[in-house]
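See below for coords29.pdb, which holds PDB, C-alpha atoms.
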MODEL        1
ATOM      1  CA  MET U1488      -9.041  12.154   5.226
ATOM      2  CA  SER U1489      -8.462  15.325   3.243
ATOM      3  CA  ARG U1490      -9.730  15.980  -0.261
ATOM      4  CA  GLU U1491      -6.167  15.885  -1.579
ATOM      5  CA  THR U1492      -5.457  12.478  -0.057
ATOM      6  CA  ARG U1493      -8.750  11.162  -1.442
ATOM      7  CA  ALA U1494      -7.854  12.453  -4.910
ATOM      8  CA  MET U1495      -4.465  10.746  -4.671
ATOM      9  CA  GLN U1496      -6.110   7.464  -3.712
ATOM     10  CA  ASP U1497      -8.706   7.590  -6.478
ATOM     11  CA  ASP U1498      -6.218   8.330  -9.259
ATOM     12  CA  ASP U1499      -4.360   5.136 -10.140
ATOM     13  CA  SER U1500      -1.541   7.066 -11.771
ATOM     14  CA  ALA U1501      -0.938   9.089  -8.591
ATOM     15  CA  ASN U1502      -1.591   6.400  -5.972
ATOM     16  CA  PRO U1503       1.821   5.044  -4.887
ATOM     17  CA  GLY U1504       0.110   1.866  -3.665
ATOM     18  CA  MET U1505      -0.447   0.939  -7.297
ATOM     19  CA  LEU U1506       3.315   0.430  -7.658
ATOM     20  CA  SER U1507       3.019  -2.423  -5.181
ATOM     21  CA  VAL U1508      -0.055  -3.779  -6.956
ATOM     22  CA  LEU U1509       1.980  -3.972 -10.167
ATOM     23  CA  GLU U1510       4.839  -5.616  -8.286
ATOM     24  CA  GLY U1511       2.354  -8.109  -6.834
ATOM     25  CA  GLU U1512       1.066  -8.892 -10.311
ATOM     26  CA  ALA U1513       4.616  -9.690 -11.415
ATOM     27  CA  LEU U1514       5.158 -11.878  -8.324
ATOM     28  CA  TRP U1515       1.856 -13.634  -8.980
ATOM     29  CA  ALA U1516       3.132 -14.573 -12.439
ATOM     30  CA  SER U1517       6.697 -15.482 -11.438
ATOM     31  CA  ASN U1518       5.581 -17.656  -8.502
ATOM     32  CA  GLY U1519       3.119 -19.606 -10.615
ATOM     33  CA  CYS U1520       0.093 -18.674  -8.501
ATOM     34  CA  ALA U1521      -1.978 -18.724 -11.682
ATOM     35  CA  GLY U1522      -1.342 -22.496 -11.898
ATOM     36  CA  CYS U1523      -4.132 -23.006  -9.348
ATOM     37  CA  HIS U1524      -5.963 -19.693  -9.019
ATOM     38  CA  SER U1525      -7.597 -17.920 -11.929
ATOM     39  CA  SER U1526      -8.928 -14.866 -10.164
ATOM     40  CA  LEU U1527      -9.137 -13.954  -6.507
ATOM     41  CA  LYS U1528     -11.827 -11.335  -6.958
ATOM     42  CA  GLY U1529     -13.764 -10.920  -3.740
ATOM     43  CA  VAL U1530     -11.369 -12.971  -1.623
ATOM     44  CA  ALA U1531      -9.782 -10.065   0.232
ATOM     45  CA  ALA U1532     -13.237  -8.867   1.303
ATOM     46  CA  ARG U1533     -13.733 -12.168   3.166
ATOM     47  CA  TYR U1534     -10.505 -12.211   5.204
ATOM     48  CA  PRO U1535      -9.555 -12.757   8.041
ATOM     49  CA  ALA U1536     -11.417 -16.056   8.026
ATOM     50  CA  VAL U1537     -11.363 -19.459   9.724
ATOM     51  CA  ASP U1538     -10.328 -22.285   7.404
ATOM     52  CA  ASP U1539     -11.430 -25.943   7.322
ATOM     53  CA  LYS U1540      -8.856 -26.862   9.947
ATOM     54  CA  ARG U1541     -10.253 -24.161  12.231
ATOM     55  CA  ARG U1542      -7.219 -21.930  11.896
ATOM     56  CA  LEU U1543      -7.840 -18.189  11.951
ATOM     57  CA  LEU U1544      -6.000 -16.683   8.994
ATOM     58  CA  ASN U1545      -5.636 -13.196   7.640
ATOM     59  CA  LEU U1546      -4.813 -12.623   3.991
ATOM     60  CA  GLU U1547      -1.076 -12.507   4.645
ATOM     61  CA  SER U1548      -1.002 -15.778   6.578
ATOM     62  CA  ARG U1549      -3.251 -17.357   3.925
ATOM     63  CA  ILE U1550      -0.741 -16.425   1.217
ATOM     64  CA  ASN U1551       2.103 -17.843   3.287
ATOM     65  CA  LEU U1552       0.142 -21.016   4.033
ATOM     66  CA  CYS U1553      -0.319 -21.532   0.307
ATOM     67  CA  ARG U1554       3.410 -21.042  -0.191
ATOM     68  CA  VAL U1555       4.459 -23.427   2.559
ATOM     69  CA  GLU U1556       1.865 -26.177   2.084
ATOM     70  CA  GLN U1557       1.196 -26.140  -1.665
ATOM     71  CA  GLN U1558       4.373 -24.717  -3.128
ATOM     72  CA  LYS U1559       6.767 -26.156  -0.506
ATOM     73  CA  ALA U1560       8.541 -22.806  -0.527
ATOM     74  CA  PRO U1561       9.734 -20.756   2.448
ATOM     75  CA  ALA U1562       7.195 -18.286   3.832
ATOM     76  CA  PHE U1563       7.599 -14.627   2.937
ATOM     77  CA  PRO U1564       8.682 -12.510   5.895
ATOM     78  CA  TYR U1565       5.842 -10.513   7.423
ATOM     79  CA  GLU U1566       5.768  -6.873   6.303
ATOM     80  CA  GLY U1567       8.349  -7.660   3.617
ATOM     81  CA  ARG U1568       8.052  -6.310   0.079
ATOM     82  CA  GLU U1569       6.791  -9.550  -1.466
ATOM     83  CA  LEU U1570       4.025 -10.232   1.024
ATOM     84  CA  LEU U1571       2.816  -6.633   0.951
ATOM     85  CA  ALA U1572       2.878  -6.582  -2.844
ATOM     86  CA  LEU U1573       0.965  -9.856  -3.182
ATOM     87  CA  SER U1574      -1.665  -8.861  -0.625
ATOM     88  CA  ALA U1575      -2.023  -5.471  -2.339
ATOM     89  CA  TYR U1576      -2.485  -7.198  -5.695
ATOM     90  CA  ILE U1577      -5.075  -9.608  -4.288
ATOM     91  CA  GLY U1578      -6.778  -6.858  -2.290
ATOM     92  CA  ASN U1579      -6.968  -4.620  -5.337
ATOM     93  CA  GLN U1580      -8.983  -7.274  -7.190
ATOM     94  CA  SER U1581     -11.745  -6.825  -4.596
ATOM     95  CA  ARG U1582     -11.736  -3.041  -4.718
ATOM     96  CA  GLY U1583     -15.266  -1.694  -4.474
ATOM     97  CA  MET U1584     -16.725  -4.917  -3.066
ATOM     98  CA  PRO U1585     -18.440  -4.892   0.334
ATOM     99  CA  ILE U1586     -16.535  -6.381   3.258
ATOM    100  CA  GLN U1587     -18.154  -9.589   4.481
ATOM    101  CA  VAL U1588     -16.250 -11.280   7.320
ATOM    102  CA  GLY U1589     -16.887 -13.129  10.566
ATOM    103  CA  VAL U1590     -20.452 -14.072   9.748
ATOM    104  CA  ASP U1591     -20.053 -17.866  10.039
ATOM    105  CA  GLU U1592     -20.278 -19.946  13.211
ATOM    106  CA  LYS U1593     -16.588 -20.909  13.145
ATOM    107  CA  SER U1594     -15.306 -17.368  13.511
ATOM    108  CA  LYS U1595     -17.788 -16.200  16.146
ATOM    109  CA  ALA U1596     -15.499 -16.889  19.112
ATOM    110  CA  HIS U1597     -12.635 -15.048  17.408
ATOM    111  CA  VAL U1598     -14.814 -12.000  16.714
ATOM    112  CA  GLU U1599     -15.778 -11.964  20.398
ATOM    113  CA  ALA U1600     -12.109 -12.229  21.435
ATOM    114  CA  GLY U1601     -11.215  -9.355  19.127
ATOM    115  CA  LYS U1602     -14.076  -7.321  20.502
ATOM    116  CA  ALA U1603     -12.855  -7.902  24.057
ATOM    117  CA  ALA U1604      -9.348  -6.801  23.041
ATOM    118  CA  PHE U1605     -10.783  -3.662  21.410
ATOM    119  CA  ARG U1606     -12.542  -2.761  24.657
ATOM    120  CA  ARG U1607      -9.764  -3.736  27.072
ATOM    121  CA  ARG U1608      -7.763  -0.903  28.621
ATOM    122  CA  GLN U1609      -4.048  -1.557  28.419
ATOM    123  CA  GLY U1610      -0.612   0.007  28.461
ATOM    124  CA  GLN U1611       0.935   2.708  30.623
ATOM    125  CA  VAL U1612      -1.553   5.273  29.335
ATOM    126  CA  ASN U1613      -4.371   2.848  30.179
ATOM    127  CA  LEU U1614      -6.444   3.341  27.075
ATOM    128  CA  ALA U1615      -8.557   0.880  25.130
ATOM    129  CA  CYS U1616      -8.871   1.051  21.342
ATOM    130  CA  MET U1617     -12.455   2.185  21.843
ATOM    131  CA  SER U1618     -11.419   5.074  24.122
ATOM    132  CA  CYS U1619     -10.259   6.920  21.022
ATOM    133  CA  HIS U1620     -11.797   5.165  18.041
ATOM    134  CA  GLU U1621     -15.358   4.919  19.357
ATOM    135  CA  GLU U1622     -15.821   7.335  22.240
ATOM    136  CA  ASN U1623     -13.774  10.145  20.685
ATOM    137  CA  ALA U1624     -13.904   9.381  16.968
ATOM    138  CA  GLY U1625     -14.198  12.520  14.877
ATOM    139  CA  LYS U1626     -12.460  14.685  17.475
ATOM    140  CA  ARG U1627      -8.823  15.606  17.168
ATOM    141  CA  LEU U1628      -5.670  14.039  18.572
ATOM    142  CA  ALA U1629      -2.909  16.575  18.045
ATOM    143  CA  GLY U1630      -3.674  17.877  14.555
ATOM    144  CA  SER U1631      -5.344  14.804  13.157
ATOM    145  CA  VAL U1632      -8.945  13.679  13.170
ATOM    146  CA  ILE U1633      -9.415  10.439  15.137
ATOM    147  CA  THR U1634     -10.696   7.783  12.764
ATOM    148  CA  GLN U1635     -13.495   5.319  13.353
ATOM    149  CA  ALA U1636     -10.953   2.517  12.785
ATOM    150  CA  HIS U1637     -12.516   0.895   9.749
ATOM    151  CA  PRO U1638      -9.685  -0.985   8.034
ATOM    152  CA  THR U1639     -11.128  -0.774   4.524
ATOM    153  CA  GLY U1640      -8.005  -0.205   2.483
ATOM    154  CA  TYR U1641      -5.191  -2.412   3.790
ATOM    155  CA  PRO U1642      -2.458  -2.909   2.835
ATOM    156  CA  LEU U1643      -2.402   0.853   2.361
ATOM    157  CA  TYR U1644       0.077   3.543   1.486
ATOM    158  CA  ARG U1645       0.559   5.757   4.503
ATOM    159  CA  LEU U1646       2.198   9.075   3.757
ATOM    160  CA  GLU U1647       3.750   9.113   7.218
ATOM    161  CA  TRP U1648       5.427   5.772   6.545
ATOM    162  CA  GLN U1649       6.375   6.741   3.001
ATOM    163  CA  ALA U1650       5.560   3.154   2.178
ATOM    164  CA  LEU U1651       2.894   0.502   1.932
ATOM    165  CA  GLY U1652       2.067  -1.201   5.223
ATOM    166  CA  SER U1653      -0.255  -3.845   6.616
ATOM    167  CA  LEU U1654      -3.050  -3.465   9.131
ATOM    168  CA  GLN U1655      -0.862  -5.197  11.718
ATOM    169  CA  ARG U1656       1.799  -2.517  11.308
ATOM    170  CA  ARG U1657      -0.882   0.092  11.996
ATOM    171  CA  LEU U1658      -2.196  -1.811  15.024
ATOM    172  CA  ARG U1659       1.295  -2.219  16.421
ATOM    173  CA  GLY U1660       1.909   1.491  15.936
ATOM    174  CA  CYS U1661      -1.269   2.339  17.830
ATOM    175  CA  LEU U1662      -0.407  -0.100  20.642
ATOM    176  CA  THR U1663       3.083   1.338  20.986
ATOM    177  CA  GLY U1664       1.488   4.791  21.087
ATOM    178  CA  ILE U1665      -0.530   3.899  24.181
ATOM    179  CA  ARG U1666       2.650   2.330  25.589
ATOM    180  CA  ALA U1667       1.291  -1.171  25.610
ATOM    181  CA  GLU U1668       3.343  -4.171  24.563
ATOM    182  CA  ALA U1669       2.558  -4.837  20.918
ATOM    183  CA  PRO U1670       2.301  -8.532  19.958
ATOM    184  CA  GLY U1671       4.665  -9.645  17.189
ATOM    185  CA  TYR U1672       3.659  -9.736  13.523
ATOM    186  CA  GLY U1673       1.235 -12.547  12.800
ATOM    187  CA  ALA U1674       0.342 -13.044  16.485
ATOM    188  CA  PRO U1675      -3.149 -14.524  16.971
ATOM    189  CA  GLU U1676      -4.203 -11.582  19.187
ATOM    190  CA  LEU U1677      -3.542  -9.182  16.329
ATOM    191  CA  VAL U1678      -5.377 -11.354  13.808
ATOM    192  CA  GLU U1679      -8.398 -11.502  16.142
ATOM    193  CA  LEU U1680      -8.337  -7.724  16.462
ATOM    194  CA  GLU U1681      -8.076  -7.483  12.669
ATOM    195  CA  LEU U1682     -11.059  -9.804  12.329
ATOM    196  CA  TYR U1683     -13.145  -7.767  14.762
ATOM    197  CA  LEU U1684     -12.283  -4.490  13.016
ATOM    198  CA  MET U1685     -13.181  -5.953   9.638
ATOM    199  CA  TRP U1686     -16.391  -7.387  11.096
ATOM    200  CA  ARG U1687     -17.214  -3.912  12.407
ATOM    201  CA  ALA U1688     -16.674  -2.603   8.880
ATOM    202  CA  ASN U1689     -18.937  -5.217   7.271
ATOM    203  CA  GLY U1690     -20.756  -3.771   4.284
ATOM    204  CA  MET U1691     -18.207  -1.007   3.698
ATOM    205  CA  LYS U1692     -16.411  -1.116   0.391
ATOM    206  CA  LEU U1693     -12.837  -2.298   0.129
ATOM    207  CA  GLU U1694     -10.490   0.358  -1.301
ATOM    208  CA  THR U1695      -7.123  -1.415  -1.403
ATOM    209  CA  PRO U1696      -4.586   0.107  -1.894
ATOM    210  CA  ALA U1697      -5.829   3.104   0.073
ATOM    211  CA  VAL U1698      -3.808   6.246   0.775
ATOM    212  CA  ARG U1699      -3.849   7.687   4.296
ATOM    213  CA  PRO U1700      -2.022  10.624   5.890
TER     214      PRO U1700
ATOM    215  CA  MET S 283      10.366  -3.807  -8.119
ATOM    216  CA  ALA S 284       7.679  -2.313 -10.276
ATOM    217  CA  GLY S 285       9.501   0.550 -11.883
ATOM    218  CA  ALA S 286       7.146   3.338 -12.746
ATOM    219  CA  ILE S 287       3.634   4.281 -13.727
ATOM    220  CA  ILE S 288       3.336   6.663 -16.684
ATOM    221  CA  ARG S 289       0.107   8.275 -17.751
ATOM    222  CA  MET S 290      -0.152  10.322 -20.901
ATOM    223  CA  PRO S 291      -2.513  10.329 -23.883
ATOM    224  CA  SER S 292      -1.602   7.820 -26.592
ATOM    225  CA  GLN S 293      -3.141  10.061 -29.220
ATOM    226  CA  ALA S 294      -3.242  13.825 -29.549
ATOM    227  CA  LYS S 295      -3.954  16.558 -32.070
ATOM    228  CA  ARG S 296      -0.974  18.451 -33.473
ATOM    229  CA  GLY S 297      -0.276  21.496 -31.337
ATOM    230  CA  GLU S 298      -2.354  20.237 -28.430
ATOM    231  CA  ILE S 299      -0.991  20.629 -24.891
ATOM    232  CA  ILE S 300      -0.729  17.206 -23.278
ATOM    233  CA  GLU S 301      -0.178  16.343 -19.634
ATOM    234  CA  ILE S 302       2.376  13.700 -18.689
ATOM    235  CA  ARG S 303       2.271  12.151 -15.218
ATOM    236  CA  THR S 304       5.025   9.933 -13.865
ATOM    237  CA  LEU S 305       5.212   7.991 -10.630
ATOM    238  CA  ALA S 306       8.525   6.291  -9.898
ATOM    239  CA  SER S 307       9.048   3.579  -7.293
ATOM    240  CA  HIS S 308      11.897   4.623  -5.023
ATOM    241  CA  PRO S 309      12.369   4.823  -1.215
ATOM    242  CA  MET S 310      14.139   8.243  -1.367
ATOM    243  CA  GLU S 311      16.151   7.606   1.792
ATOM    244  CA  THR S 312      17.291  11.061   2.914
ATOM    245  CA  GLY S 313      20.603  10.171   4.559
ATOM    246  CA  PHE S 314      19.599  12.081   7.692
ATOM    247  CA  ARG S 315      17.844   9.216   9.448
ATOM    248  CA  ARG S 316      19.424   6.770  11.854
ATOM    249  CA  THR S 317      18.695   3.181  12.726
ATOM    250  CA  GLU S 318      17.528   2.094  16.176
ATOM    251  CA  ARG S 319      21.203   1.560  17.046
ATOM    252  CA  GLY S 320      22.085   5.108  16.079
ATOM    253  CA  GLU S 321      23.952   4.281  12.907
ATOM    254  CA  PRO S 322      23.253   6.655  10.031
ATOM    255  CA  ILE S 323      21.273   5.225   7.097
ATOM    256  CA  PRO S 324      23.182   6.191   3.932
ATOM    257  CA  ARG S 325      21.506   8.480   1.454
ATOM    258  CA  ASP S 326      19.768   6.741  -1.431
ATOM    259  CA  ILE S 327      17.746   9.058  -3.624
ATOM    260  CA  ILE S 328      16.901   9.761  -7.236
ATOM    261  CA  THR S 329      18.941  12.823  -8.162
ATOM    262  CA  GLN S 330      17.827  13.473 -11.693
ATOM    263  CA  PHE S 331      14.829  12.992 -13.954
ATOM    264  CA  VAL S 332      15.022  13.656 -17.682
ATOM    265  CA  CYS S 333      12.289  13.346 -20.290
ATOM    266  CA  THR S 334      13.003  13.329 -24.015
ATOM    267  CA  TYR S 335      10.513  13.512 -26.878
ATOM    268  CA  ASN S 336      11.885  11.869 -30.024
ATOM    269  CA  GLY S 337      15.389  12.419 -28.675
ATOM    270  CA  ALA S 338      14.949  16.071 -27.778
ATOM    271  CA  GLU S 339      14.957  16.957 -24.106
ATOM    272  CA  ILE S 340      11.662  18.540 -23.039
ATOM    273  CA  PHE S 341      11.829  18.335 -19.256
ATOM    274  CA  ARG S 342      14.499  17.919 -16.609
ATOM    275  CA  ALA S 343      14.312  17.938 -12.827
ATOM    276  CA  GLU S 344      16.889  17.728 -10.074
ATOM    277  CA  LEU S 345      15.714  15.916  -6.969
ATOM    278  CA  HIS S 346      16.936  16.494  -3.429
ATOM    279  CA  PRO S 347      16.676  14.684  -0.067
ATOM    280  CA  ALA S 348      13.516  16.541   1.004
ATOM    281  CA  ILE S 349      11.457  14.921  -1.750
ATOM    282  CA  ALA S 350       9.082  12.177  -0.625
ATOM    283  CA  ALA S 351       9.368   8.507  -1.496
ATOM    284  CA  ASN S 352       7.981   7.442  -4.878
ATOM    285  CA  PRO S 353       8.380  10.839  -6.567
ATOM    286  CA  PHE S 354       5.347  11.927  -8.580
ATOM    287  CA  ILE S 355       6.331  14.340 -11.340
ATOM    288  CA  THR S 356       3.794  15.839 -13.685
ATOM    289  CA  PHE S 357       4.365  18.329 -16.496
ATOM    290  CA  THR S 358       2.969  19.368 -19.845
ATOM    291  CA  THR S 359       4.303  19.584 -23.365
ATOM    292  CA  VAL S 360       3.014  20.380 -26.840
ATOM    293  CA  ALA S 361       2.297  17.382 -29.079
ATOM    294  CA  THR S 362       4.327  18.130 -32.187
ATOM    295  CA  GLU S 363       4.872  14.792 -33.931
ATOM    296  CA  SER S 364       4.243  11.083 -33.524
ATOM    297  CA  GLY S 365       6.966   9.163 -31.756
ATOM    298  CA  THR S 366       8.350   8.027 -28.447
ATOM    299  CA  VAL S 367       8.621   9.847 -25.164
ATOM    300  CA  GLU S 368      11.416   8.498 -22.996
ATOM    301  CA  PHE S 369      11.795   8.912 -19.279
ATOM    302  CA  ARG S 370      14.985   8.405 -17.345
ATOM    303  CA  TRP S 371      15.512   8.535 -13.608
ATOM    304  CA  SER S 372      19.036   8.300 -12.201
ATOM    305  CA  GLY S 373      20.400   8.547  -8.705
ATOM    306  CA  ASP S 374      22.622   7.320  -5.896
ATOM    307  CA  ASN S 375      24.367   3.934  -5.957
ATOM    308  CA  GLY S 376      24.257   3.818  -9.731
ATOM    309  CA  TYR S 377      20.472   3.803  -9.809
ATOM    310  CA  SER S 378      19.041   4.130 -13.283
ATOM    311  CA  MET S 379      15.623   3.374 -14.703
ATOM    312  CA  THR S 380      14.125   4.078 -18.089
ATOM    313  CA  GLU S 381      10.559   3.909 -19.357
ATOM    314  CA  SER S 382       9.014   4.961 -22.590
ATOM    315  CA  ALA S 383       5.587   5.665 -24.027
ATOM    316  CA  LYS S 384       4.366   6.054 -27.567
ATOM    317  CA  ILE S 385       2.241   8.896 -28.852
ATOM    318  CA  SER S 386       0.603   9.321 -32.208
ATOM    319  CA  VAL S 387      -0.126  12.835 -33.339
ATOM    320  CA  VAL S 388      -2.868  13.350 -35.902
TER     321      VAL S 388
ENDMDL
END
Could you take the file, read its structure, and then write that structure out as structure tokens?
Amino acid sequence: MSRETRAMQDDDSANPGMLSVLEGEALWASNGCAGCHSSLKGVAARYPAVDDKRRLLNLESRINLCRVEQQKAPAFPYEGRELLALSAYIGNQSRGMPIQVGVDEKSKAHVEAGKAAFRRRQGQVNLACMSCHEENAGKRLAGSVITQAHPTGYPLYRLEWQALGSLQRRLRGCLTGIRAEAPGYGAPELVELELYLMWRANGMKLETPAVRP
Amino acid sequence: MAGAIIRMPSQAKRGEIIEIRTLASHPMETGFRRTERGEPIPRDIITQFVCTYNGAEIFRAELHPAIAANPFITFTTVATESGTVEFRWSGDNGYSMTESAKISVV
């Protein structure tokens, strides 16, 4: 990440992700979320997580579960404006807090499944996530530095997308890049991979909404 | 849609140079892209940005398709008197958005 991109991320008046945070704040008010929740500080640093009914949920599916079960309203479409804005608003409340996921007994099996997916070679190019993001992290792929794949700032504003996007959009982009079949949005395989990546990043500080090239 | 983020000092000394930063929420669709089916996506951009200070125009910009989404425009002016700074973005499909900020000059 270049110095310029970092400066853009750190300055709230230049970070385009903050537009979505503000939109999320408005949605939070208009949907009556405040009727139950006072503050969700720290929540985003704990997701994905396994709930009482042993369902593995990421932040987006947790928001939609609340909408469907508590509010009896239709779920927001994945990767739509509303869901991105709400998750950016909730994520922003945990900015600067250390990530702490996958440490309980319930989520152990899911972390292991995500880890296996991270290490499994797949697609026409026959690469695993770790082929680039662990074995070759820090080197270059085309002009860009290969990241260590720590998802600390999602949903984030990616300059290439010219928009805010979720971690699943990024994962699907990577999977398409290695010519593997990307699971659909919200698929359990993707959530497990999300969980493993967040578990790998445990202790790192959340920076939602981040800006990336 | 959250409209815009404006950052400028709310108080300034007379004659001081102040920096005004504006970030507008807009997809800035260029009109050159196509969908997966090959149909062109129509152009949808902000074409003009105007800033007035107590009614007098102090800054104007014309925007074109090569400008990124969520245009970030920053400029400076001299704080002359207390009052309101108004910002107006206008563009394709009748797009128009206004914001304002107050400044007190001592």
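Counting only C-alpha atoms, the residue from U:Gly1610, U:Leu1646, U:Leu1682, U:Asp1539 that sits nearest to Arg1666 (chain U) is U:Gly1610.
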Show which residues sit within 9 Å of Gly297 (chain S), as a PDB file with C-alpha atoms, keeping the file's coordinate frame. Count only C-alpha atoms, and ignore same-chain residues fewer than 6 positions away.
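Written file, around.pdb:
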ATOM      1  CA  VAL S 360       3.014  20.380 -26.840  1.00  0.00           C
ATOM      2  CA  ALA S 361       2.297  17.382 -29.079  1.00  0.00           C
ATOM      3  CA  THR S 362       4.327  18.130 -32.187  1.00  0.00           C
ATOM      4  CA  GLU S 363       4.872  14.792 -33.931  1.00  0.00           C
ATOM      5  CA  VAL S 387      -0.126  12.835 -33.339  1.00  0.00           C
TER       6      VAL S 387
END
Given a cut-off of 12 Å, which residues of chain U touch chain S, counting all atoms listed in the file, written out as a list in words? Met1495, Asp1498, Asp1499, Ser1500, Ala1501, Asn1502, Pro1503, Gly1504, Met1505, Leu1506, Ser1507, Val1508, Leu1509, Glu1510, Gly1511, Glu1512, Ala1513, Leu1514, Arg1568, Glu1569, Ala1572, Tyr1644, Arg1645, Leu1646, Glu1647, Trp1648, Gln1649, Ala1650 and Leu1651 of chain U
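Proximity to Asn336 (chain S) was assessed for S:Pro291, S:Ser382, S:Asp374, S:Arg296 counting all atoms listed in the file; the smallest distance is recorded for S:Ser382.
The neighbours of Lys1528 (chain U) here are the residues that come within 8 Å of it, using only C-alpha atoms and leaving out any residue fewer than 3 positions away in the same chain; they are Ala1531, Ile1577, Gln1580 and Ser1581 of chain U.
As for CA of Ala1494 (chain U) and CA of Thr358 (chain S), they are spaced 19.7 Å apart.
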Would you mind reading off the distance between CA of Leu1573 (chain U) and CA of Ile1550 (chain U), one decimal, in Å?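 CA of Ile1550 (chain U) lies 8.1 Å from CA of Leu1573 (chain U).
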With all atoms listed in the file as the atoms that count, which of U:Gly1567, U:Pro1696, U:Gly1583, U:Pro1535 lies nearest to Pro1675 (chain U)?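 Going through U:Gly1567, U:Pro1696, U:Gly1583, U:Pro1535 one by one, the smallest distance to Pro1675 (chain U) is for U:Pro1535.
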